[in-house]
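Q: Contents are mmCIF, C-alpha atoms and all ligand atoms; file name upload_4.cif:
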data_target
#
loop_
_atom_site.label_atom_id
_atom_site.label_comp_id
_atom_site.auth_asym_id
_atom_site.auth_seq_id
_atom_site.Cartn_x
_atom_site.Cartn_y
_atom_site.Cartn_z
CA MET K 1 163.55 73.89 27.02
CA ALA K 2 164.33 70.67 28.88
CA SER K 3 168.00 70.90 27.85
CA ALA K 4 168.60 74.17 29.76
CA PRO K 5 170.90 73.43 32.71
CA TYR K 6 169.10 73.76 35.99
CA ARG K 7 170.61 73.34 39.43
CA THR K 8 169.08 73.25 42.87
CA ILE K 9 169.81 76.48 44.74
CA LEU K 10 170.29 75.94 48.46
CA SER K 11 170.30 78.69 51.08
CA PRO K 12 173.11 78.57 53.69
CA ALA K 13 170.55 77.39 56.28
CA GLN K 14 169.36 74.59 53.98
CA TRP K 15 172.94 73.57 53.29
CA ARG K 16 173.66 73.25 57.03
CA MET K 17 170.52 71.14 57.48
CA LEU K 18 171.45 69.00 54.48
CA GLU K 19 174.88 68.30 56.00
CA LEU K 20 173.18 67.18 59.23
CA GLN K 21 170.73 64.98 57.31
CA TYR K 22 173.63 63.46 55.36
CA ARG K 23 175.66 62.72 58.50
CA GLN K 24 172.61 61.20 60.18
CA ALA K 25 171.88 59.05 57.10
CA LEU K 26 175.44 57.67 57.20
CA LYS K 27 174.73 56.20 60.64
CA GLY K 28 172.51 53.63 58.90
CA ALA K 29 173.92 50.56 57.14
CA PHE K 30 172.01 51.27 53.91
CA TYR K 31 173.57 54.65 53.14
CA ARG K 32 177.05 53.54 54.27
CA ARG K 33 176.83 50.75 51.65
CA HIS K 34 174.91 52.71 49.03
CA LEU K 35 177.13 55.81 49.04
CA VAL K 36 180.39 53.89 49.11
CA ALA K 37 179.21 51.72 46.20
CA SER K 38 178.32 54.78 44.15
CA LYS K 39 181.60 56.53 45.07
CA ALA K 40 179.46 59.58 45.91
CA ASN K 41 180.39 59.82 49.53
CA ARG K 42 181.30 63.41 50.11
CA LEU K 43 179.19 66.53 50.43
CA LYS K 44 181.26 69.68 49.95
CA HIS K 45 179.41 71.34 47.10
CA THR K 46 175.97 71.45 45.45
CA ASP K 47 177.38 69.27 42.66
CA ASP K 48 178.19 66.58 45.25
CA PHE K 49 174.56 66.67 46.33
CA HIS K 50 173.42 66.21 42.74
CA HIS K 51 175.67 63.17 42.40
CA LEU K 52 174.29 61.38 45.45
CA PRO K 53 172.44 58.27 44.28
CA ILE K 54 168.65 58.31 44.21
CA THR K 55 166.84 56.32 46.90
CA THR K 56 163.79 54.44 45.64
CA LYS K 57 160.73 52.94 47.32
CA ALA K 58 162.13 49.53 46.40
CA ASP K 59 165.34 50.37 48.35
CA LEU K 60 163.19 51.20 51.37
CA VAL K 61 161.16 47.99 51.13
CA GLU K 62 164.08 45.65 50.48
CA ASN K 63 166.54 47.15 52.98
CA ASN K 64 164.10 48.53 55.52
CA PRO K 65 165.98 47.81 58.80
CA ASP K 66 169.21 49.18 57.30
CA PHE K 67 167.72 52.68 57.07
CA LEU K 68 167.36 52.86 60.84
CA THR K 69 169.92 55.15 62.50
CA ILE K 70 168.74 55.07 66.13
CA ARG K 71 168.45 52.34 68.75
CA PRO K 72 165.10 50.48 68.47
CA ASN K 73 164.08 51.54 72.00
CA LEU K 74 164.09 55.19 70.82
CA ILE K 75 161.40 54.53 68.17
CA ARG K 76 158.11 56.19 69.20
CA GLU K 77 155.93 55.30 66.18
CA TRP K 78 156.00 52.95 63.24
CA VAL K 79 153.93 54.19 60.30
CA THR K 80 153.39 52.64 56.88
CA THR K 81 152.47 53.85 53.43
CA SER K 82 149.26 52.59 51.88
CA GLY K 83 151.15 50.64 49.20
CA THR K 84 149.01 52.08 46.39
CA THR K 85 151.64 51.24 43.78
CA GLY K 86 153.52 48.42 45.47
CA GLN K 87 154.33 46.96 48.86
CA PRO K 88 153.67 49.17 51.91
CA VAL K 89 156.81 50.84 53.26
CA ARG K 90 157.56 50.90 57.01
CA ILE K 91 158.89 54.14 58.48
CA ALA K 92 160.12 54.63 62.07
CA LEU K 93 159.67 57.96 63.86
CA SER K 94 161.57 59.13 66.94
CA GLN K 95 160.42 61.74 69.45
CA LYS K 96 162.32 64.35 67.42
CA ASP K 97 160.63 63.14 64.21
CA LEU K 98 157.21 63.56 65.85
CA GLN K 99 158.17 67.11 66.85
CA ARG K 100 159.28 67.73 63.25
CA LEU K 101 156.00 66.26 62.00
CA ALA K 102 154.06 68.70 64.21
CA GLU K 103 156.10 71.73 63.07
CA ASN K 104 155.82 70.69 59.44
CA GLU K 105 152.04 70.30 59.56
CA ALA K 106 151.49 73.40 61.70
CA ALA K 107 153.26 75.46 59.01
CA ALA K 108 151.18 73.78 56.27
CA LEU K 109 147.85 74.34 58.05
CA ARG K 110 148.82 77.96 58.81
CA LEU K 111 149.45 78.50 55.09
CA ALA K 112 145.99 77.08 54.36
CA GLY K 113 144.52 79.69 56.73
CA LEU K 114 144.06 77.83 60.03
CA ARG K 115 144.77 79.98 63.09
CA SER K 116 144.86 79.57 66.85
CA GLY K 117 141.25 79.40 68.07
CA ASP K 118 139.94 77.94 64.80
CA GLY K 119 138.63 74.38 64.52
CA LEU K 120 139.81 71.46 62.38
CA LEU K 121 137.48 68.60 61.53
CA ILE K 122 139.84 65.73 60.73
CA ALA K 123 138.04 63.37 58.33
CA VAL K 124 141.14 61.17 58.06
CA GLY K 125 141.92 57.96 59.97
CA MET K 126 144.24 58.15 62.99
CA ASP K 127 144.60 54.36 63.09
CA ARG K 128 145.95 51.57 60.85
CA LEU K 129 149.49 53.00 60.97
CA PHE K 130 148.52 56.01 58.83
CA VAL K 131 150.73 59.03 59.46
CA ALA K 132 148.41 61.63 57.88
CA GLY K 133 145.73 61.86 60.59
CA LEU K 134 148.39 61.92 63.28
CA ALA K 135 150.25 64.70 61.45
CA TYR K 136 147.16 66.92 61.10
CA TRP K 137 146.29 66.39 64.75
CA LEU K 138 149.83 67.24 65.93
CA GLY K 139 150.00 70.27 63.62
CA ALA K 140 146.63 71.63 64.72
CA GLN K 141 147.57 71.14 68.38
CA MET K 142 150.80 73.07 67.86
CA LEU K 143 148.82 75.90 66.21
CA GLY K 144 146.35 76.06 69.08
CA ALA K 145 143.33 74.90 67.07
CA THR K 146 140.48 72.71 68.34
CA CYS K 147 140.38 69.24 66.76
CA LEU K 148 137.46 66.94 66.06
CA ARG K 149 138.86 63.55 65.03
CA ALA K 150 135.80 62.48 63.06
CA GLY K 151 137.59 59.99 60.81
CA PRO K 152 136.64 59.26 57.21
CA SER K 153 133.38 57.45 57.96
CA MET K 154 131.80 60.07 60.22
CA VAL K 155 131.58 62.96 57.83
CA ASP K 156 127.90 63.08 57.03
CA ALA K 157 125.28 65.55 58.15
CA PRO K 158 123.73 63.60 61.06
CA CYS K 159 127.14 62.77 62.50
CA ILE K 160 128.38 66.29 62.10
CA ALA K 161 125.19 67.60 63.70
CA ALA K 162 126.16 65.62 66.79
CA LEU K 163 129.65 67.15 66.92
CA PRO K 164 130.43 70.16 69.10
CA LEU K 165 131.01 72.50 66.14
CA ALA K 166 131.03 75.80 68.06
CA PRO K 167 129.46 78.33 65.67
CA SER K 168 131.73 81.08 66.99
CA ARG K 169 134.75 79.37 65.46
CA ARG K 170 135.93 79.14 61.88
CA TRP K 171 136.07 75.45 60.95
CA PHE K 172 138.25 73.76 58.36
CA ILE K 173 137.64 70.23 57.11
CA ILE K 174 140.54 68.04 56.02
CA GLY K 175 139.98 64.76 54.18
CA VAL K 176 140.09 62.81 50.92
CA PRO K 177 138.11 64.89 48.37
CA SER K 178 136.29 62.04 46.64
CA LEU K 179 135.09 60.73 50.01
CA LEU K 180 134.11 64.19 51.28
CA GLY K 181 132.04 65.24 48.28
CA PRO K 182 128.64 63.68 49.04
CA SER K 183 128.80 64.73 52.69
CA LEU K 184 129.70 68.34 52.11
CA MET K 185 126.44 69.06 50.32
CA ALA K 186 124.50 68.15 53.45
CA VAL K 187 126.97 69.81 55.79
CA ASN K 188 126.82 73.10 53.92
CA LYS K 189 123.13 73.65 54.60
CA HIS K 190 123.54 73.38 58.34
CA TYR K 191 127.03 74.73 58.96
CA PRO K 192 127.67 78.01 57.17
CA HIS K 193 130.70 78.71 59.37
CA ILE K 194 132.96 76.24 57.50
CA ALA K 195 135.90 78.37 56.25
CA GLY K 196 137.72 75.94 53.97
CA VAL K 197 138.16 72.39 52.77
CA ILE K 198 141.64 70.89 52.57
CA GLY K 199 141.87 67.91 50.24
CA ILE K 200 144.56 65.25 50.64
CA GLY K 201 145.77 62.40 48.45
CA GLU K 202 144.05 63.49 45.22
CA SER K 203 144.83 66.29 42.77
CA LEU K 204 142.36 69.18 42.76
CA TYR K 205 143.87 71.25 39.95
CA ASP K 206 145.05 70.56 36.41
CA ALA K 207 148.53 71.37 35.12
CA ASP K 208 147.44 74.99 34.44
CA PHE K 209 146.17 75.40 38.03
CA ASN K 210 142.53 75.36 36.95
CA PRO K 211 140.16 73.48 39.28
CA ASN K 212 139.62 69.93 37.98
CA ALA K 213 136.34 67.99 37.95
CA LEU K 214 136.81 66.85 41.55
CA SER K 215 137.56 70.37 42.77
CA ARG K 216 134.55 71.80 40.90
CA ALA K 217 132.34 69.11 42.41
CA LEU K 218 133.48 70.07 45.92
CA GLN K 219 132.99 73.74 45.14
CA ARG K 220 129.42 73.05 44.05
CA CYS K 221 128.80 71.35 47.40
CA MET K 222 130.32 74.09 49.47
CA ASP K 223 131.21 77.62 48.39
CA VAL K 224 134.48 77.92 50.32
CA PRO K 225 138.17 77.72 49.28
CA VAL K 226 139.09 74.17 48.25
CA LEU K 227 142.79 73.73 48.96
CA SER K 228 145.18 70.93 48.24
CA THR K 229 148.04 69.62 50.35
CA TYR K 230 150.76 67.20 49.30
CA ALA K 231 153.07 65.04 51.39
CA SER K 232 154.35 61.49 51.55
CA THR K 233 154.74 59.16 54.51
CA GLU K 234 158.42 58.57 53.78
CA THR K 235 159.42 62.25 53.73
CA CYS K 236 156.90 63.77 56.19
CA SER K 237 157.42 67.10 54.38
CA THR K 238 154.25 68.95 53.35
CA PHE K 239 153.69 71.22 50.37
CA ALA K 240 150.69 73.41 51.19
CA GLN K 241 148.64 76.16 49.59
CA GLY K 242 146.45 79.09 50.57
CA PRO K 243 143.36 80.43 48.78
CA LYS K 244 145.34 82.63 46.33
CA CYS K 245 148.16 80.18 45.57
CA ARG K 246 149.00 78.65 42.25
CA GLY K 247 150.59 75.41 43.39
CA ASN K 248 151.78 74.10 46.73
CA HIS K 249 154.66 75.85 48.50
CA LEU K 250 157.81 74.04 49.51
CA ASN K 251 158.68 74.58 53.17
CA PRO K 252 162.46 75.14 52.80
CA ARG K 253 163.05 74.23 56.46
CA MET K 254 161.60 70.78 55.90
CA ALA K 255 162.84 69.64 52.50
CA ILE K 256 164.81 70.13 49.30
CA VAL K 257 162.90 69.27 46.14
CA GLU K 258 164.29 68.32 42.73
CA ILE K 259 162.43 67.52 39.52
CA LEU K 260 164.30 64.98 37.39
CA ASP K 261 163.78 63.29 34.05
CA ASP K 262 164.02 59.51 33.63
CA HIS K 263 167.81 59.79 33.20
CA GLY K 264 168.28 61.68 36.48
CA ARG K 265 168.82 65.07 34.83
CA HIS K 266 167.35 68.21 36.40
CA LEU K 267 164.39 69.73 34.61
CA PRO K 268 163.83 73.49 34.51
CA PRO K 269 160.93 75.19 36.34
CA GLY K 270 157.55 74.46 34.78
CA THR K 271 158.59 71.13 33.21
CA PRO K 272 157.00 68.07 34.83
CA GLY K 273 159.17 65.17 35.93
CA ARG K 274 159.88 62.84 38.83
CA VAL K 275 159.50 64.50 42.23
CA VAL K 276 162.63 63.75 44.28
CA ILE K 277 162.65 64.98 47.87
CA THR K 278 165.41 65.22 50.44
CA PRO K 279 163.69 65.79 53.77
CA LEU K 280 165.60 67.88 56.31
CA GLY K 281 165.82 67.21 60.04
CA GLN K 282 164.80 63.53 60.04
CA GLN K 283 166.28 61.37 62.77
CA ALA K 284 165.16 57.73 62.83
CA MET K 285 165.13 56.95 59.10
CA PRO K 286 166.73 59.90 57.26
CA LEU K 287 166.41 59.84 53.48
CA LEU K 288 168.56 61.43 50.78
CA ARG K 289 167.18 62.19 47.32
CA PHE K 290 164.08 60.03 47.71
CA ASP K 291 162.12 59.37 44.51
CA THR K 292 158.50 59.77 45.60
CA GLY K 293 157.19 58.06 42.47
CA ASP K 294 155.03 61.12 41.78
CA ALA K 295 155.22 63.31 38.68
CA ALA K 296 154.81 67.10 38.84
CA ALA K 297 156.51 70.38 37.86
CA LEU K 298 158.20 72.89 40.14
CA HIS K 299 157.30 76.55 39.65
CA ALA K 300 159.63 79.44 40.43
CA GLY K 301 158.86 83.16 40.80
CA ALA K 302 156.38 84.95 43.00
CA CYS K 303 153.04 83.33 43.77
CA PRO K 304 149.86 85.46 43.69
CA CYS K 305 149.87 85.08 47.49
CA GLY K 306 153.16 87.05 47.62
CA ARG K 307 155.40 84.21 48.79
CA ARG K 308 158.50 83.43 46.75
CA THR K 309 159.25 79.87 47.84
CA PRO K 310 159.12 77.31 44.98
CA ARG K 311 155.72 75.75 44.33
CA LEU K 312 154.98 72.19 43.36
CA GLY K 313 152.35 71.98 40.64
CA PRO K 314 149.49 69.48 40.75
CA ILE K 315 150.54 65.83 40.92
CA LEU K 316 150.02 64.64 37.36
CA GLY K 317 150.21 61.00 38.38
CA ARG K 318 152.37 58.34 39.90
CA SER K 319 155.32 57.50 37.69
CA ALA K 320 154.15 53.89 38.14
CA GLN K 321 150.64 54.86 36.95
CA LEU K 322 151.82 55.91 33.52
CA LEU K 323 150.04 53.81 30.89
CA LYS K 324 150.68 53.53 27.19
CA VAL K 325 147.17 53.17 25.78
CA GLN K 326 146.75 52.91 22.02
CA GLY K 327 150.28 54.31 21.64
CA VAL K 328 149.62 57.34 23.85
CA SER K 329 151.44 57.83 27.18
CA ILE K 330 148.88 58.86 29.74
CA PHE K 331 148.60 59.02 33.53
CA ALA K 332 145.79 57.06 35.16
CA THR K 333 144.83 60.28 36.95
CA ALA K 334 144.05 61.97 33.61
CA ILE K 335 141.65 59.14 32.73
CA ILE K 336 140.05 59.26 36.17
CA GLU K 337 139.60 63.02 35.96
CA LEU K 338 137.97 62.85 32.55
CA VAL K 339 135.62 60.02 33.47
CA ARG K 340 134.60 61.83 36.66
CA GLY K 341 133.90 64.99 34.65
CA VAL K 342 131.46 63.12 32.38
CA TYR K 343 129.97 60.60 34.81
CA ARG K 344 129.45 63.10 37.63
CA GLY K 345 128.77 61.63 41.06
CA MET K 346 128.78 58.04 39.76
CA GLU K 347 130.98 55.28 41.09
CA VAL K 348 134.01 54.65 38.89
CA VAL K 349 136.98 52.29 38.87
CA VAL K 350 139.74 52.26 36.24
CA HIS K 351 141.38 48.89 35.61
CA ALA K 352 144.77 48.78 33.89
CA ASP K 353 145.91 45.42 32.57
CA LEU K 354 147.65 43.96 29.53
CA ASP K 355 145.92 42.91 26.31
CA PRO K 356 146.79 39.51 24.73
CA LEU K 357 149.68 41.17 22.85
CA GLY K 358 151.16 42.58 26.07
CA ALA K 359 150.21 46.22 25.46
CA ASP K 360 148.66 48.37 28.22
CA ARG K 361 144.89 48.49 28.25
CA ALA K 362 142.60 50.66 30.38
CA VAL K 363 139.01 49.59 31.04
CA ILE K 364 136.73 51.93 32.96
CA TYR K 365 133.87 50.46 35.00
CA VAL K 366 131.03 52.85 35.81
CA ILE K 367 127.78 52.39 37.69
CA CYS K 368 125.48 54.47 35.48
CA PRO K 369 121.66 54.50 35.20
CA ALA K 370 120.58 52.66 32.01
CA HIS K 371 118.74 55.64 30.48
CA ARG K 372 121.91 57.81 30.52
CA GLN K 373 124.43 55.22 29.34
CA ASP K 374 124.42 55.85 25.56
CA MET K 375 124.40 59.62 25.80
CA LEU K 376 127.21 59.76 28.37
CA LYS K 377 129.29 57.18 26.47
CA LYS K 378 129.16 59.40 23.36
CA ARG K 379 130.12 62.42 25.45
CA PHE K 380 133.01 60.52 27.07
CA ASP K 381 134.37 59.25 23.73
CA ARG K 382 134.32 62.79 22.30
CA ALA K 383 136.07 64.22 25.37
CA ALA K 384 138.63 61.36 25.42
CA ARG K 385 139.52 61.86 21.75
CA ALA K 386 140.03 65.60 22.36
CA LYS K 387 141.86 65.47 25.68
CA LEU K 388 143.53 62.07 25.97
CA LYS K 389 144.11 61.38 22.25
CA CYS K 390 142.88 57.84 22.86
CA VAL K 391 139.57 56.27 23.88
CA PRO K 392 139.70 53.89 26.85
CA VAL K 393 137.01 51.21 26.98
CA ILE K 394 133.92 51.98 29.10
CA ARG K 395 131.99 49.09 30.67
CA TYR K 396 128.78 49.62 32.58
CA GLY K 397 128.44 47.44 35.63
CA ASP K 398 126.76 47.15 38.98
CA GLY K 399 128.15 47.42 42.50
CA HIS K 400 129.16 43.75 42.42
CA THR K 401 131.29 44.16 39.26
CA VAL K 402 133.03 47.24 40.67
CA ALA K 403 133.70 45.43 43.97
CA GLN K 404 135.20 42.47 42.06
CA ILE K 405 137.59 44.76 40.17
CA ARG K 406 138.58 46.55 43.38
CA ALA K 407 139.25 43.21 45.08
CA LEU K 408 141.97 42.48 42.49
CA ARG K 409 144.18 44.74 44.58
CA GLN K 410 144.25 44.97 48.35
CA SER K 411 144.35 48.58 49.48
CA ARG K 412 143.51 50.62 52.56
CA LYS K 413 142.38 53.50 50.38
CA ALA K 414 139.13 53.77 48.44
CA THR K 415 140.52 52.46 45.18
CA VAL K 416 139.70 54.27 41.95
CA PHE K 417 142.65 52.80 40.03
CA VAL K 418 143.46 49.09 39.96
CA ASP K 419 146.65 48.06 38.18
CA THR K 420 147.19 44.37 37.43
CA ARG K 421 149.77 44.81 34.64
CA ALA K 422 152.64 43.40 36.72
ZN ZN K 501 151.21 81.02 47.28
#
Output the file's structure as structure tokens, nothing else.
Ligand SMILES: [Zn+2]
A:
Amino acid sequence: MASAPYRTILSPAQWRMLELQYRQALKGAFYRRHLVASKANRLKHTDDFHHLPITTKADLVENNPDFLTIRPNLIREWVTTSGTTGQPVRIALSQKDLQRLAENEAAALRLAGLRSGDGLLIAVGMDRLFVAGLAYWLGAQMLGATCLRAGPSMVDAPCIAALPLAPSRRWFIIGVPSLLGPSLMAVNKHYPHIAGVIGIGESLYDADFNPNALSRALQRCMDVPVLSTYASTETCSTFAQGPKCRGNHLNPRMAIVEILDDHGRHLPPGTPGRVVITPLGQQAMPLLRFDTGDAAALHAGACPCGRRTPRLGPILGRSAQLLKVQGVSIFATAIIELVRGVYRGMEVVVHADLDPLGADRAVIYVICPAHRQDMLKKRFDRAARAKLKCVPVIRYGDGHTVAQIRALRQSRKATVFVDTRA
């Protein structure tokens, strides 16, 4: 199946936008060097596009100023990635990029069901150089929705009770699912007019589009559609879904997406691989064929919602979060999902390191009441043997142990996965 030739099909409008993106990219020193060195410095045909070299996160970190294509005084925002799997990446945005960010997110929120006159409770930070909160705010403003910038720490029942949640409106909540979970239970009792929850940064479905443990946990808290959204800081191009969708739709005006194997070959629809995105319409730091570091499949054909644009399947993991445990290749996300399914509602951190022989090892730390430890351990081992084909080590610890493991890696996000293999 993977050997079937598969090419990216571009509409005439996408092709025109790609040419503009390419010309803009060439204004920066990085692409002038990079494209000349690779001898792939023309763009006349789809094949030329496929021969353009891949841009990696490491390229962006190591050559950051060389990606800039506008004068520094035209930069309106600097944003950074969280650096979950490496150093944070700095991205500059111009006025035009901010406009693009608003249009991109307005389209994504509209797909999720948000309309003019609705409300959006933004449980995501607007500060610390994050782009996500800013993007949701800009998108909701463009749609004509009312925003409450609650931030991640304010989403609990007493705080929400103090917010002006007009009952005549339909309200959507957007935030990180694992942080939202405990709050939603309390919110649900008091605010029946919540219309949907949009989860960012964590997968909510498995590879077959079935709700995963995290999604089911949210659904138990609140009986409303639980929707996922996918984007990256570098590309500012969102893949969104509505209640009927199987996967997240590409917005063809914002990006071209390719799924490649480790040798750079295109994979056919339905086969997971590296997600490579060429954003369209970027100005300050335009990217060509950017390897997001995420792994997922692209799905063709009509979606149950009726749209025909390609859909990105659930993110199966970061390419960098692929472990080889007991001879089995496995994404950290698969381990996290399984452990969350067994140890429901308990605090978990997965630590990947190397054993004395240099092989990958995954140790899972869980804060679990003593009287449930043996029973849940047996259940986890059974489930791991069946689903993962290997049995990662479980260690029971207290809050102090978990905090110590988390401190091994500095991160702005609530860390569930700590990787100290490098
Ligand atoms: Zn759909």
Q: Step by step, measure atom-to-atom distances between ligand ZN 501 (chain K) and each residue using only C-alpha atoms and all ligand atoms, keep those at most 12 Å, then write them as a PyMOL selection string.
A: chain K and resi 108+111-113+209+227-228+239-251+299-313
Q: Using 12 Å as the limit and counting all atoms listed in the file, can you tabulate each residue of stretch 20-120 of chain K that touches stretch 256-273 of chain K, with its shortest atom-to-atom distance in Å and the two atoms involved, as CSV?
A:
residue,atom,partner,partner_atom,distance
K:Gln21,CA,K:Ile256,CA,11.2
K:Thr46,CA,K:Ile256,CA,11.9
K:Asp47,CA,K:His266,CA,11.9
K:Phe49,CA,K:Ile256,CA,10.8
K:His50,CA,K:His266,CA,9.0
K:His51,CA,K:Gly264,CA,9.6
K:Leu52,CA,K:Gly264,CA,10.8
K:Pro53,CA,K:Gly264,CA,9.5
K:Ile54,CA,K:Gly264,CA,8.4
K:Thr55,CA,K:Gly264,CA,11.8
Q: Can I get the residues of stretch 226-268 of chain K within 9 Å of stretch 95-104 of chain K, each with the closest pair of atoms and their distance in Å to one decimal, using all atoms listed in the file, sorted chain first then ascending number, as JSON lines?
A:
{"residue": "K:Cys236", "atom": "CA", "partner": "K:Leu101", "partner_atom": "CA", "distance": 6.4}
{"residue": "K:Ser237", "atom": "CA", "partner": "K:Asn104", "partner_atom": "CA", "distance": 6.4}
{"residue": "K:Thr238", "atom": "CA", "partner": "K:Asn104", "partner_atom": "CA", "distance": 6.5}
{"residue": "K:Asn251", "atom": "CA", "partner": "K:Asn104", "partner_atom": "CA", "distance": 7.9}
{"residue": "K:Arg253", "atom": "CA", "partner": "K:Asn104", "partner_atom": "CA", "distance": 8.6}
{"residue": "K:Met254", "atom": "CA", "partner": "K:Asn104", "partner_atom": "CA", "distance": 6.8}
Q: Which value, in Å to one decimal, gives the distance between atom CA of K:Gln326 and atom CA of K:Lys377?
A: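 Separation of atom CA of K:Gln326 and atom CA of K:Lys377: 18.5 Å.
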Q: Counting only C-alpha atoms, figure out which residue out of K:Gln219, K:Asn210, K:Thr229, K:Thr235 gets nearest to K:Val131.
A: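 Residue with the minimum atom-to-atom distance to K:Val131: K:Thr235.
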Q: Residues within 7 Å of stretch 132-143 of chain K, please, as an NGL selection string. Count all atoms listed in the file; anything in the same chain fewer than 5 positions from it doesn't count.
A: :K and (101-103 or 105-106 or 115-116 or 124-126)
Q: Please work out which residues fall within 6 Å of (152.7, 50.4, 59.7), coordinates as given in the file, with all atoms listed in the file counting, and return them as a ChimeraX atom specification.
A: /K:78-80,90,129
Q: Considering all atoms listed in the file, return as a CSV table (one decimal) with C-alpha atoms, in the coordinates of the input whatever protein or nucleic-acid residues lie within 8 Å of K:Arg318, sequence-local ones (same chain, fewer than 2 positions apart) excluded.
A:
chain,number,residue,atom,x,y,z
K,293,GLY,CA,157.2,58.1,42.5
K,294,ASP,CA,155.0,61.1,41.8
K,295,ALA,CA,155.2,63.3,38.7
K,315,ILE,CA,150.5,65.8,40.9
K,316,LEU,CA,150.0,64.6,37.4
K,320,ALA,CA,154.2,53.9,38.1
K,321,GLN,CA,150.6,54.9,37.0
K,322,LEU,CA,151.8,55.9,33.5
K,331,PHE,CA,148.6,59.0,33.5
